>>> print(open('query_15.cif').read())   # mmCIF, C-alpha atoms
data_model
#
loop_
_atom_site.label_atom_id
_atom_site.label_comp_id
_atom_site.auth_asym_id
_atom_site.auth_seq_id
_atom_site.Cartn_x
_atom_site.Cartn_y
_atom_site.Cartn_z
CA MET I 1 12.79 63.58 144.83
CA LYS I 2 15.06 61.72 142.46
CA LYS I 3 17.13 64.88 141.89
CA ASN I 4 17.51 65.48 145.64
CA SER I 5 18.66 61.90 146.15
CA LEU I 6 21.24 62.26 143.39
CA LEU I 7 22.57 65.52 144.89
CA THR I 8 22.82 63.92 148.32
CA LEU I 9 24.73 60.98 146.83
CA CYS I 10 27.21 63.34 145.08
CA LEU I 11 27.83 65.31 148.26
CA PHE I 12 28.33 62.07 150.18
CA LEU I 13 30.88 60.84 147.65
CA ILE I 14 32.80 64.16 147.75
CA MET I 15 32.89 64.23 151.55
CA SER I 16 33.92 60.59 151.61
CA HIS I 17 36.81 61.42 149.27
CA PHE I 18 37.98 64.28 151.54
CA ASN I 19 37.73 62.08 154.62
CA ALA I 20 39.59 59.23 152.95
CA ASN I 21 42.29 61.55 151.66
CA SER I 22 43.53 63.94 154.34
CA GLN I 23 45.18 66.14 151.68
CA VAL I 24 43.04 68.60 149.72
CA GLY I 25 44.10 70.08 146.40
CA ILE I 26 42.68 72.91 144.30
CA GLY I 27 44.05 72.90 140.78
CA THR I 28 45.92 69.68 141.48
CA THR I 29 44.95 66.05 142.05
CA THR I 30 48.21 65.33 143.89
CA PRO I 31 48.48 67.85 146.73
CA ARG I 32 51.89 67.86 148.40
CA GLY I 33 50.56 68.94 151.78
CA ALA I 34 47.40 69.02 153.85
CA PHE I 35 46.14 71.73 151.50
CA GLU I 36 47.62 72.95 148.18
CA ILE I 37 46.41 75.53 145.67
CA ASN I 38 48.06 75.25 142.28
CA SER I 39 47.90 77.99 139.63
CA SER I 40 50.36 79.67 137.31
CA THR I 41 48.13 82.67 136.62
CA ASN I 42 46.20 83.46 139.80
CA GLY I 43 47.02 84.37 143.38
CA PHE I 44 45.49 83.45 146.71
CA VAL I 45 43.04 86.01 148.12
CA PRO I 46 42.41 85.58 151.86
CA PRO I 47 39.30 86.95 153.60
CA GLN I 48 39.24 90.75 153.41
CA VAL I 49 37.88 92.39 156.54
CA ALA I 50 37.73 95.84 158.12
CA LEU I 51 39.44 95.60 161.50
CA THR I 52 38.91 98.39 164.04
CA SER I 53 41.79 97.78 166.43
CA ILE I 54 44.58 95.26 166.96
CA ALA I 55 43.01 94.55 170.35
CA ALA I 56 39.53 93.71 168.96
CA SER I 57 39.04 90.37 167.22
CA THR I 58 35.80 91.51 165.58
CA PRO I 59 34.47 91.37 162.94
CA VAL I 60 36.30 88.04 162.61
CA ILE I 61 34.73 85.17 164.56
CA ASN I 62 35.30 81.48 165.09
CA PRO I 63 32.61 79.68 163.04
CA GLN I 64 32.56 76.96 165.70
CA GLY I 65 30.46 78.79 168.26
CA GLY I 66 30.95 82.38 167.16
CA GLY I 67 33.67 83.24 169.67
CA VAL I 68 37.09 84.83 169.05
CA PRO I 69 39.07 83.37 166.14
CA ILE I 70 41.57 80.64 166.76
CA ALA I 71 45.20 81.70 167.16
CA GLY I 72 46.89 81.72 163.76
CA THR I 73 43.87 83.03 161.84
CA ILE I 74 45.03 85.17 158.90
CA VAL I 75 43.10 88.00 157.22
CA TYR I 76 43.77 90.97 154.97
CA ASN I 77 42.67 94.18 156.69
CA THR I 78 41.23 96.86 154.39
CA ALA I 79 40.69 99.59 156.99
CA THR I 80 42.70 102.42 158.50
CA ALA I 81 41.21 102.70 161.95
CA GLY I 82 41.77 102.96 165.69
CA THR I 83 44.12 105.08 167.78
CA THR I 84 47.79 104.59 168.60
CA PRO I 85 49.10 102.17 169.79
CA ASN I 86 46.19 99.90 168.80
CA ASN I 87 45.52 101.37 165.34
CA VAL I 88 45.40 99.24 162.20
CA THR I 89 46.37 99.95 158.58
CA PRO I 90 45.76 97.94 155.41
CA GLY I 91 47.79 94.75 155.21
CA TYR I 92 47.99 91.13 156.31
CA TYR I 93 47.32 90.37 159.99
CA PHE I 94 47.23 87.21 162.08
CA TRP I 95 45.46 86.68 165.39
CA ASN I 96 47.89 85.48 168.10
CA GLY I 97 45.14 84.65 170.58
CA SER I 98 45.04 88.12 172.13
CA VAL I 99 45.74 90.75 169.47
CA TRP I 100 46.16 91.13 165.72
CA ILE I 101 49.81 91.15 164.58
CA LYS I 102 50.67 92.77 161.26
CA PHE I 103 53.03 90.96 158.93
CA ALA I 104 56.20 93.01 158.41
CA ALA I 105 56.90 94.04 154.82
CA GLY I 106 60.30 95.33 153.73
CA ASP I 107 60.78 97.62 150.74
CA THR I 108 62.95 95.42 148.55
CA SER I 109 63.44 98.18 145.99
CA ALA I 110 65.19 100.58 148.37
CA ASP I 111 68.76 100.54 149.62
CA ILE I 112 69.30 100.17 153.34
CA GLU I 113 71.68 102.73 154.80
CA ASP I 114 74.28 102.04 157.46
CA ASP I 115 76.89 104.16 159.18
CA LEU I 116 80.58 103.21 159.48
CA ARG I 117 82.24 105.23 162.22
CA VAL I 118 85.98 105.84 162.40
CA THR I 119 87.88 107.07 165.45
CA ILE I 120 90.36 109.84 164.70
CA ASP I 121 93.40 108.65 166.62
CA LYS I 122 96.51 108.66 164.38
CA GLY I 123 98.11 112.07 164.57
CA SER I 124 100.69 113.57 162.25
CA ASN I 125 102.01 116.97 161.18
CA SER I 126 101.78 118.23 164.78
CA ALA I 127 98.01 117.85 165.20
CA GLN I 128 97.63 118.15 168.98
CA LEU I 129 95.39 116.88 171.73
CA GLY I 130 93.51 119.47 173.70
CA SER I 131 90.37 120.17 175.70
CA LEU I 132 87.27 122.02 174.61
CA THR I 133 86.96 125.62 175.70
CA GLY I 134 86.17 125.76 179.40
CA ILE I 135 85.94 121.95 179.73
CA SER I 136 88.91 120.31 181.41
CA GLY I 137 89.66 116.59 181.41
CA PRO I 138 88.70 114.79 178.17
CA GLU I 139 90.72 115.72 175.08
CA ILE I 140 90.31 115.50 171.30
CA TRP I 141 92.61 116.19 168.36
CA PHE I 142 92.71 119.84 167.25
CA PHE I 143 93.60 121.09 163.79
CA ARG I 144 95.01 124.44 164.86
CA ASP I 145 94.95 127.84 163.26
CA GLY I 146 98.29 129.39 162.31
CA GLN I 147 100.14 126.05 162.21
CA GLY I 148 100.14 125.29 158.47
CA VAL I 149 99.18 121.71 157.57
CA GLU I 150 97.91 119.48 160.39
CA ALA I 151 96.49 116.04 159.70
CA MET I 152 95.15 112.76 161.06
CA SER I 153 95.20 109.40 159.23
CA PHE I 154 93.02 106.29 159.46
CA THR I 155 91.96 103.21 157.49
CA LEU I 156 88.50 101.96 156.56
CA GLN I 157 87.43 98.45 155.51
CA LEU I 158 84.12 97.98 153.71
CA PRO I 159 82.07 95.28 155.51
CA HIS I 160 80.83 92.03 153.96
CA ASN I 161 77.25 93.26 153.89
CA TRP I 162 78.17 96.39 151.91
CA LYS I 163 76.39 96.60 148.57
CA ASP I 164 79.37 96.29 146.21
CA GLY I 165 79.98 99.25 143.93
CA THR I 166 77.62 101.69 145.64
CA THR I 167 78.70 105.23 146.46
CA ILE I 168 80.03 105.93 149.97
CA TYR I 169 79.56 109.28 151.73
CA PRO I 170 82.29 110.55 154.11
CA HIS I 171 81.55 113.08 156.85
CA ILE I 172 83.39 114.60 159.78
CA HIS I 173 81.93 115.48 163.16
CA TRP I 174 83.84 118.41 164.56
CA VAL I 175 83.73 121.33 166.96
CA PRO I 176 85.08 124.92 166.75
CA ARG I 177 87.27 125.76 169.74
CA SER I 178 86.35 129.45 169.67
CA SER I 179 83.57 131.66 168.40
CA ALA I 180 84.73 133.54 165.29
CA SER I 181 83.84 134.43 161.72
CA GLY I 182 85.58 133.21 158.58
CA ASN I 183 85.51 129.93 156.66
CA MET I 184 86.91 126.52 157.59
CA LYS I 185 88.35 124.26 154.88
CA TRP I 186 88.43 120.50 155.38
CA ASN I 187 90.45 118.19 153.12
CA LEU I 188 90.20 114.41 152.75
CA ASP I 189 92.85 112.30 150.99
CA TYR I 190 92.05 108.69 150.15
CA SER I 191 93.42 105.74 148.19
CA TRP I 192 91.02 102.80 147.72
CA VAL I 193 91.83 99.29 146.57
CA ASN I 194 90.28 95.81 146.44
CA ILE I 195 91.90 92.68 147.84
CA ASP I 196 94.95 91.81 145.67
CA GLY I 197 94.91 95.33 144.23
CA THR I 198 97.69 97.91 144.39
CA PHE I 199 97.33 101.24 146.14
CA SER I 200 97.86 104.27 143.90
CA ALA I 201 98.20 108.02 144.41
CA ALA I 202 95.63 109.52 146.76
CA THR I 203 92.64 111.54 145.60
CA THR I 204 91.83 114.74 147.50
CA SER I 205 88.34 116.05 148.23
CA SER I 206 88.02 119.55 149.73
CA VAL I 207 85.02 121.40 151.15
CA ILE I 208 84.61 124.85 152.68
CA VAL I 209 82.32 125.46 155.64
CA ASN I 210 81.07 129.02 155.96
CA GLY I 211 81.18 130.75 159.35
CA PRO I 212 80.61 132.37 161.70
CA PHE I 213 81.18 129.58 164.23
CA THR I 214 80.16 129.06 167.85
CA ALA I 215 82.62 127.60 170.34
CA ASN I 216 81.98 123.98 171.43
CA LYS I 217 79.12 123.52 168.93
CA HIS I 218 78.90 119.99 167.47
CA LEU I 219 78.98 120.30 163.66
CA LEU I 220 78.65 117.73 160.86
CA THR I 221 80.28 118.41 157.48
CA ASP I 222 80.00 116.45 154.24
CA LEU I 223 83.50 115.78 152.90
CA THR I 224 82.53 115.77 149.22
CA SER I 225 81.20 118.84 147.46
CA GLY I 226 77.40 118.73 147.40
CA ASN I 227 77.63 115.43 149.28
CA VAL I 228 77.99 113.54 145.98
CA GLY I 229 80.05 110.90 147.77
CA ILE I 230 82.96 108.79 146.55
CA ASP I 231 82.38 106.68 143.47
CA ALA I 232 82.82 102.96 144.19
CA THR I 233 82.54 101.51 140.70
CA GLY I 234 84.42 98.20 140.63
CA LYS I 235 85.00 98.10 144.39
CA THR I 236 84.01 95.06 146.47
CA PHE I 237 83.46 94.20 150.13
CA SER I 238 86.63 94.00 152.26
CA SER I 239 88.24 96.65 150.05
CA ILE I 240 90.35 99.11 152.05
CA LEU I 241 90.65 102.90 152.07
CA ILE I 242 93.73 104.63 153.47
CA CYS I 243 92.62 108.14 154.42
CA ARG I 244 93.95 111.41 155.79
CA ILE I 245 91.80 114.24 157.11
CA TRP I 246 93.68 117.54 157.20
CA ARG I 247 93.63 121.30 157.46
CA ASP I 248 96.01 123.87 155.96
CA SER I 249 95.37 127.01 157.99
CA SER I 250 97.80 128.93 155.75
CA SER I 251 95.48 128.44 152.77
CA GLY I 252 93.86 131.64 151.52
CA THR I 253 90.47 129.87 151.53
CA ASP I 254 90.77 128.88 155.24
CA THR I 255 89.98 132.10 157.10
CA TYR I 256 88.61 130.73 160.39
CA SER I 257 90.87 132.15 163.10
CA GLY I 258 90.33 129.31 165.56
CA ASP I 259 91.18 125.67 166.16
CA ALA I 260 88.93 122.91 164.78
CA GLY I 261 88.53 119.80 166.90
CA GLY I 262 87.95 116.47 165.17
CA LEU I 263 85.36 114.36 167.01
CA SER I 264 84.95 111.40 164.65
CA MET I 265 84.65 110.36 161.01
CA ASP I 266 81.80 108.42 159.52
CA PHE I 267 80.91 106.94 156.13
CA HIS I 268 77.29 106.41 155.11
CA ILE I 269 77.02 103.27 153.00
CA SER I 270 74.35 101.07 151.41
CA ILE I 271 74.15 97.53 152.72
CA LYS I 272 72.61 94.48 151.13
CA ASN I 273 68.86 94.24 151.64
CA PRO I 274 68.13 91.06 153.63
CA PHE I 275 64.84 90.64 151.71
CA VAL I 276 66.65 90.38 148.36
CA GLU I 277 68.56 87.36 147.10
CA TYR I 278 71.97 88.37 145.73
CA PRO I 279 74.12 86.31 143.35
#
>>> encode(input="query_15.cif", output="structure tokens")
Amino acid sequence: MKKNSLLTLCLFLIMSHFNANSQVGIGTTTPRGAFEINSSTNGFVPPQVALTSIAASTPVINPQGGGVPIAGTIVYNTATAGTTPNNVTPGYYFWNGSVWIKFAAGDTSADIEDDLRVTIDKGSNSAQLGSLTGISGPEIWFFRDGQGVEAMSFTLQLPHNWKDGTTIYPHIHWVPRSSASGNMKWNLDYSWVNIDGTFSAATTSSVIVNGPFTANKHLLTDLTSGNVGIDATGKTFSSILICRIWRDSSSGTDTYSGDAGGLSMDFHISIKNPFVEYP
């Protein structure tokens, strides 16, 4: 009896302390919020449950009456269950009052890819506008066969969210004007410089696309051999490339006997991951 009385007294004193102090601390006697867990070696493990569907609150219940959990309840789901679109996979979920919502988790170790598109619109060396075969009205620039060197020029600025120094990958979207065999050779000149830098002689990257080709077929060609990209060591955001895309139909390695229409240019780049803090 004496032991029971002592236990009751201890529980009373503990509950009195919690009621008198609205903040509760584990691992600290000075909690800085309503509830604080303090540890330099351990993590917080929430309740681990096996959900069956985002639309079913069970097996989680509200301990005050046994009904559905209160909105904001957080659990770690251990199960892979249910059918689309209500299926669940392992991860953290919170109950919003109607369904379970999974916390989004970004892969902070992976680069995020973006696509910079460039309009081909600055003609030189007699590159000419023309329509696709059998399609009148809209026109694009054609790099013609039998006309020697024909080219288009453009500029590209790397955006502020570009991951400085990462390789960029140029491509051209294009279309053969006629069905024919042979090989098409694309050439890209570029000079790249940072702000306050000085432009130097252009570098040329050439690739050969093997035929045969089909008229009016939308094609995508990497503009570096093996799609290795353009090295960006030392380059920073807002750096500028001056570029020229061109064809020399008199070249012995360009044997496609048709015109090649340039649709657009694009550069695949890596952008800064929003989940990572950068210096």
>>> resolve_selection(input="query_15.cif", expression="the PyMOL selection byres ((chain I and resi 210) around 12)", output="JSON, numbers by chain")
{"I": [180, 181, 182, 183, 184, 185, 186, 207, 208, 209, 211, 212, 213, 214, 219, 221, 253, 254, 255, 256]}
>>> write_last_selection(input="query_15.cif", atoms="C-alpha atoms", output="short mmCIF file (atom, residue, chain, number, x, y, z; two decimals), in the frame of the given file")
data_model
loop_
_atom_site.label_atom_id
_atom_site.label_comp_id
_atom_site.auth_asym_id
_atom_site.auth_seq_id
_atom_site.Cartn_x
_atom_site.Cartn_y
_atom_site.Cartn_z
CA ALA I 180 84.73 133.54 165.29
CA SER I 181 83.84 134.43 161.72
CA GLY I 182 85.58 133.21 158.58
CA ASN I 183 85.51 129.93 156.66
CA MET I 184 86.91 126.52 157.59
CA LYS I 185 88.35 124.26 154.88
CA TRP I 186 88.43 120.50 155.38
CA VAL I 207 85.02 121.40 151.15
CA ILE I 208 84.61 124.85 152.68
CA VAL I 209 82.32 125.46 155.64
CA GLY I 211 81.18 130.75 159.35
CA PRO I 212 80.61 132.37 161.70
CA PHE I 213 81.18 129.58 164.23
CA THR I 214 80.16 129.06 167.85
CA LEU I 219 78.98 120.30 163.66
CA THR I 221 80.28 118.41 157.48
CA THR I 253 90.47 129.87 151.53
CA ASP I 254 90.77 128.88 155.24
CA THR I 255 89.98 132.10 157.10
CA TYR I 256 88.61 130.73 160.39
#
>>> residues_around(input="query_15.cif", residues="Asp266 in chain I", least_positions_apart="6", cutoff="12 Å", atoms="only C-alpha atoms", output="VMD selection string")
chain I and resid 114 to 120 154 to 156 168 to 174 220 to 223 243 245
>>> closest_residue(input="query_15.cif", among="I:Ser251, I:Asn86, I:Ser238, I:Thr29", to="Ala55 in chain I", atoms="all atoms listed in the file")
I:Asn86
>>> closest_residue(input="query_15.cif", among="I:Asn96, I:Ser136, I:Thr58, I:Ser53", to="Ala81 in chain I", atoms="only C-alpha atoms")
I:Ser53
>>> atom_distance(input="query_15.cif", atom1="CA of Asn62 in chain I", atom2="CA of Trp95 in chain I")
11.4 Å
>>> closest_residue(input="query_15.cif", among="I:Lys163, I:Arg144, I:Arg32, I:Lys217", to="Glu113 in chain I", atoms="only C-alpha atoms")
I:Lys163
>>> atom_distance(input="query_15.cif", atom1="CA of Asp121 in chain I", atom2="CA of Trp162 in chain I")
24.5 Å
>>> resolve_selection(input="query_15.cif", expression="the PyMOL selection byres ((chain I and resi 48) around 12)", output="PyMOL selection string")
chain I and resi 44-47+49-51+59-60+74-79+90-93
>>> resolve_selection(input="query_15.cif", expression="the PyMOL selection byres ((chain I and resi 150) around 10)", output="list in words")
Gly123, Ser124, Asn125, Ser126, Ala127, Gln128, Phe142, Phe143, Arg144, Asp145, Gln147, Gly148, Val149, Ala151, Met152, Ile245, Trp246, Arg247, Asp248 and Ser249 of chain I
>>> closest_residue(input="query_15.cif", among="I:Pro69, I:Pro159, I:Gly197, I:Gly252", to="Ser270 in chain I", atoms="only C-alpha atoms")
I:Pro159
>>> residues_near_point(input="query_15.cif", point="(92.4, 124.6, 169.7)", cutoff="8 Å", atoms="all atoms listed in the file", output="JSON, numbers by chain")
{"I": [130, 131, 132, 142, 143, 144, 145, 176, 177, 178, 258, 259, 260, 261]}
>>> decode(input="query_15.cif", residues="range 190-204 of chain I", atoms="all heavy atoms", output="PDB file, in the first residue's frame")
ATOM      1  N   TYR I 190      31.666  27.607 -82.192  1.00  0.00           N
ATOM      2  CA  TYR I 190      31.289  28.354 -80.997  1.00  0.00           C
ATOM      3  C   TYR I 190      32.509  28.994 -80.353  1.00  0.00           C
ATOM      4  O   TYR I 190      33.628  28.466 -80.408  1.00  0.00           O
ATOM      5  CB  TYR I 190      30.576  27.452 -79.983  1.00  0.00           C
ATOM      6  CG  TYR I 190      31.420  26.315 -79.457  1.00  0.00           C
ATOM      7  CD1 TYR I 190      32.201  26.463 -78.307  1.00  0.00           C
ATOM      8  CD2 TYR I 190      31.462  25.083 -80.119  1.00  0.00           C
ATOM      9  CE1 TYR I 190      32.983  25.422 -77.827  1.00  0.00           C
ATOM     10  CE2 TYR I 190      32.242  24.045 -79.644  1.00  0.00           C
ATOM     11  CZ  TYR I 190      32.995  24.213 -78.501  1.00  0.00           C
ATOM     12  OH  TYR I 190      33.774  23.183 -78.033  1.00  0.00           O
ATOM     13  N   SER I 191      32.284  30.167 -79.764  1.00  0.00           N
ATOM     14  CA  SER I 191      33.272  30.847 -78.933  1.00  0.00           C
ATOM     15  C   SER I 191      32.557  31.224 -77.650  1.00  0.00           C
ATOM     16  O   SER I 191      31.484  31.854 -77.693  1.00  0.00           O
ATOM     17  CB  SER I 191      33.819  32.096 -79.637  1.00  0.00           C
ATOM     18  OG  SER I 191      34.804  32.728 -78.837  1.00  0.00           O
ATOM     19  N   TRP I 192      33.136  30.849 -76.492  1.00  0.00           N
ATOM     20  CA  TRP I 192      32.431  30.950 -75.208  1.00  0.00           C
ATOM     21  C   TRP I 192      33.272  31.767 -74.241  1.00  0.00           C
ATOM     22  O   TRP I 192      34.465  31.522 -74.074  1.00  0.00           O
ATOM     23  CB  TRP I 192      32.213  29.539 -74.669  1.00  0.00           C
ATOM     24  CG  TRP I 192      31.278  29.404 -73.514  1.00  0.00           C
ATOM     25  CD1 TRP I 192      30.643  30.385 -72.823  1.00  0.00           C
ATOM     26  CD2 TRP I 192      30.883  28.163 -72.910  1.00  0.00           C
ATOM     27  NE1 TRP I 192      29.865  29.846 -71.834  1.00  0.00           N
ATOM     28  CE2 TRP I 192      29.987  28.487 -71.858  1.00  0.00           C
ATOM     29  CE3 TRP I 192      31.196  26.829 -73.139  1.00  0.00           C
ATOM     30  CZ2 TRP I 192      29.416  27.515 -71.050  1.00  0.00           C
ATOM     31  CZ3 TRP I 192      30.614  25.855 -72.341  1.00  0.00           C
ATOM     32  CH2 TRP I 192      29.730  26.191 -71.309  1.00  0.00           C
ATOM     33  N   VAL I 193      32.629  32.729 -73.572  1.00  0.00           N
ATOM     34  CA  VAL I 193      33.392  33.590 -72.676  1.00  0.00           C
ATOM     35  C   VAL I 193      32.533  34.026 -71.499  1.00  0.00           C
ATOM     36  O   VAL I 193      31.300  34.176 -71.619  1.00  0.00           O
ATOM     37  CB  VAL I 193      33.935  34.826 -73.438  1.00  0.00           C
ATOM     38  CG1 VAL I 193      32.811  35.782 -73.812  1.00  0.00           C
ATOM     39  CG2 VAL I 193      35.021  35.537 -72.649  1.00  0.00           C
ATOM     40  N   ASN I 194      33.178  34.212 -70.333  1.00  0.00           N
ATOM     41  CA  ASN I 194      32.505  34.739 -69.147  1.00  0.00           C
ATOM     42  C   ASN I 194      32.344  36.245 -69.250  1.00  0.00           C
ATOM     43  O   ASN I 194      32.917  36.898 -70.136  1.00  0.00           O
ATOM     44  CB  ASN I 194      33.321  34.420 -67.879  1.00  0.00           C
ATOM     45  CG  ASN I 194      33.302  32.946 -67.524  1.00  0.00           C
ATOM     46  OD1 ASN I 194      32.345  32.241 -67.819  1.00  0.00           O
ATOM     47  ND2 ASN I 194      34.383  32.471 -66.905  1.00  0.00           N
ATOM     48  N   ILE I 195      31.587  36.821 -68.334  1.00  0.00           N
ATOM     49  CA  ILE I 195      31.505  38.276 -68.234  1.00  0.00           C
ATOM     50  C   ILE I 195      32.909  38.829 -67.976  1.00  0.00           C
ATOM     51  O   ILE I 195      33.664  38.269 -67.178  1.00  0.00           O
ATOM     52  CB  ILE I 195      30.544  38.692 -67.102  1.00  0.00           C
ATOM     53  CG1 ILE I 195      29.115  38.239 -67.421  1.00  0.00           C
ATOM     54  CG2 ILE I 195      30.581  40.193 -66.871  1.00  0.00           C
ATOM     55  CD1 ILE I 195      28.130  38.482 -66.312  1.00  0.00           C
ATOM     56  N   ASP I 196      33.258  39.907 -68.675  1.00  0.00           N
ATOM     57  CA  ASP I 196      34.575  40.558 -68.610  1.00  0.00           C
ATOM     58  C   ASP I 196      35.666  39.745 -69.297  1.00  0.00           C
ATOM     59  O   ASP I 196      36.849  40.107 -69.240  1.00  0.00           O
ATOM     60  CB  ASP I 196      35.009  40.847 -67.157  1.00  0.00           C
ATOM     61  CG  ASP I 196      34.139  41.898 -66.480  1.00  0.00           C
ATOM     62  OD1 ASP I 196      33.640  42.782 -67.210  1.00  0.00           O
ATOM     63  OD2 ASP I 196      33.950  41.815 -65.256  1.00  0.00           O
ATOM     64  N   GLY I 197      35.298  38.647 -69.951  1.00  0.00           N
ATOM     65  CA  GLY I 197      36.277  37.881 -70.710  1.00  0.00           C
ATOM     66  C   GLY I 197      36.381  38.398 -72.131  1.00  0.00           C
ATOM     67  O   GLY I 197      35.646  39.286 -72.560  1.00  0.00           O
ATOM     68  N   THR I 198      37.294  37.822 -72.897  1.00  0.00           N
ATOM     69  CA  THR I 198      37.517  38.219 -74.282  1.00  0.00           C
ATOM     70  C   THR I 198      37.272  37.034 -75.200  1.00  0.00           C
ATOM     71  O   THR I 198      37.822  35.953 -74.984  1.00  0.00           O
ATOM     72  CB  THR I 198      38.967  38.716 -74.477  1.00  0.00           C
ATOM     73  OG1 THR I 198      39.205  39.822 -73.598  1.00  0.00           O
ATOM     74  CG2 THR I 198      39.189  39.154 -75.913  1.00  0.00           C
ATOM     75  N   PHE I 199      36.435  37.228 -76.205  1.00  0.00           N
ATOM     76  CA  PHE I 199      36.162  36.151 -77.148  1.00  0.00           C
ATOM     77  C   PHE I 199      37.423  35.806 -77.935  1.00  0.00           C
ATOM     78  O   PHE I 199      38.206  36.682 -78.304  1.00  0.00           O
ATOM     79  CB  PHE I 199      35.048  36.549 -78.120  1.00  0.00           C
ATOM     80  CG  PHE I 199      33.675  36.532 -77.502  1.00  0.00           C
ATOM     81  CD1 PHE I 199      33.066  37.718 -77.092  1.00  0.00           C
ATOM     82  CD2 PHE I 199      32.990  35.345 -77.324  1.00  0.00           C
ATOM     83  CE1 PHE I 199      31.809  37.711 -76.517  1.00  0.00           C
ATOM     84  CE2 PHE I 199      31.717  35.322 -76.753  1.00  0.00           C
ATOM     85  CZ  PHE I 199      31.133  36.513 -76.349  1.00  0.00           C
ATOM     86  N   SER I 200      37.614  34.507 -78.183  1.00  0.00           N
ATOM     87  CA  SER I 200      38.764  34.040 -78.939  1.00  0.00           C
ATOM     88  C   SER I 200      38.281  33.264 -80.154  1.00  0.00           C
ATOM     89  O   SER I 200      37.079  33.196 -80.431  1.00  0.00           O
ATOM     90  CB  SER I 200      39.657  33.165 -78.056  1.00  0.00           C
ATOM     91  OG  SER I 200      38.919  32.075 -77.529  1.00  0.00           O
ATOM     92  N   ALA I 201      39.204  32.667 -80.884  1.00  0.00           N
ATOM     93  CA  ALA I 201      38.855  31.925 -82.096  1.00  0.00           C
ATOM     94  C   ALA I 201      37.833  30.833 -81.780  1.00  0.00           C
ATOM     95  O   ALA I 201      37.861  30.221 -80.713  1.00  0.00           O
ATOM     96  CB  ALA I 201      40.116  31.313 -82.703  1.00  0.00           C
ATOM     97  N   ALA I 202      36.952  30.590 -82.734  1.00  0.00           N
ATOM     98  CA  ALA I 202      35.879  29.614 -82.532  1.00  0.00           C
ATOM     99  C   ALA I 202      36.412  28.183 -82.597  1.00  0.00           C
ATOM    100  O   ALA I 202      37.392  27.885 -83.285  1.00  0.00           O
ATOM    101  CB  ALA I 202      34.794  29.817 -83.575  1.00  0.00           C
ATOM    102  N   THR I 203      35.753  27.318 -81.858  1.00  0.00           N
ATOM    103  CA  THR I 203      35.997  25.875 -81.915  1.00  0.00           C
ATOM    104  C   THR I 203      34.918  25.246 -82.790  1.00  0.00           C
ATOM    105  O   THR I 203      33.755  25.664 -82.745  1.00  0.00           O
ATOM    106  CB  THR I 203      35.942  25.261 -80.501  1.00  0.00           C
ATOM    107  OG1 THR I 203      36.951  25.853 -79.696  1.00  0.00           O
ATOM    108  CG2 THR I 203      36.143  23.758 -80.552  1.00  0.00           C
ATOM    109  N   THR I 204      35.280  24.267 -83.584  1.00  0.00           N
ATOM    110  CA  THR I 204      34.321  23.608 -84.470  1.00  0.00           C
ATOM    111  C   THR I 204      34.101  22.163 -84.042  1.00  0.00           C
ATOM    112  O   THR I 204      35.052  21.427 -83.782  1.00  0.00           O
ATOM    113  CB  THR I 204      34.800  23.627 -85.933  1.00  0.00           C
ATOM    114  OG1 THR I 204      34.965  24.979 -86.363  1.00  0.00           O
ATOM    115  CG2 THR I 204      33.793  22.939 -86.847  1.00  0.00           C
TER     116      THR I 204
END
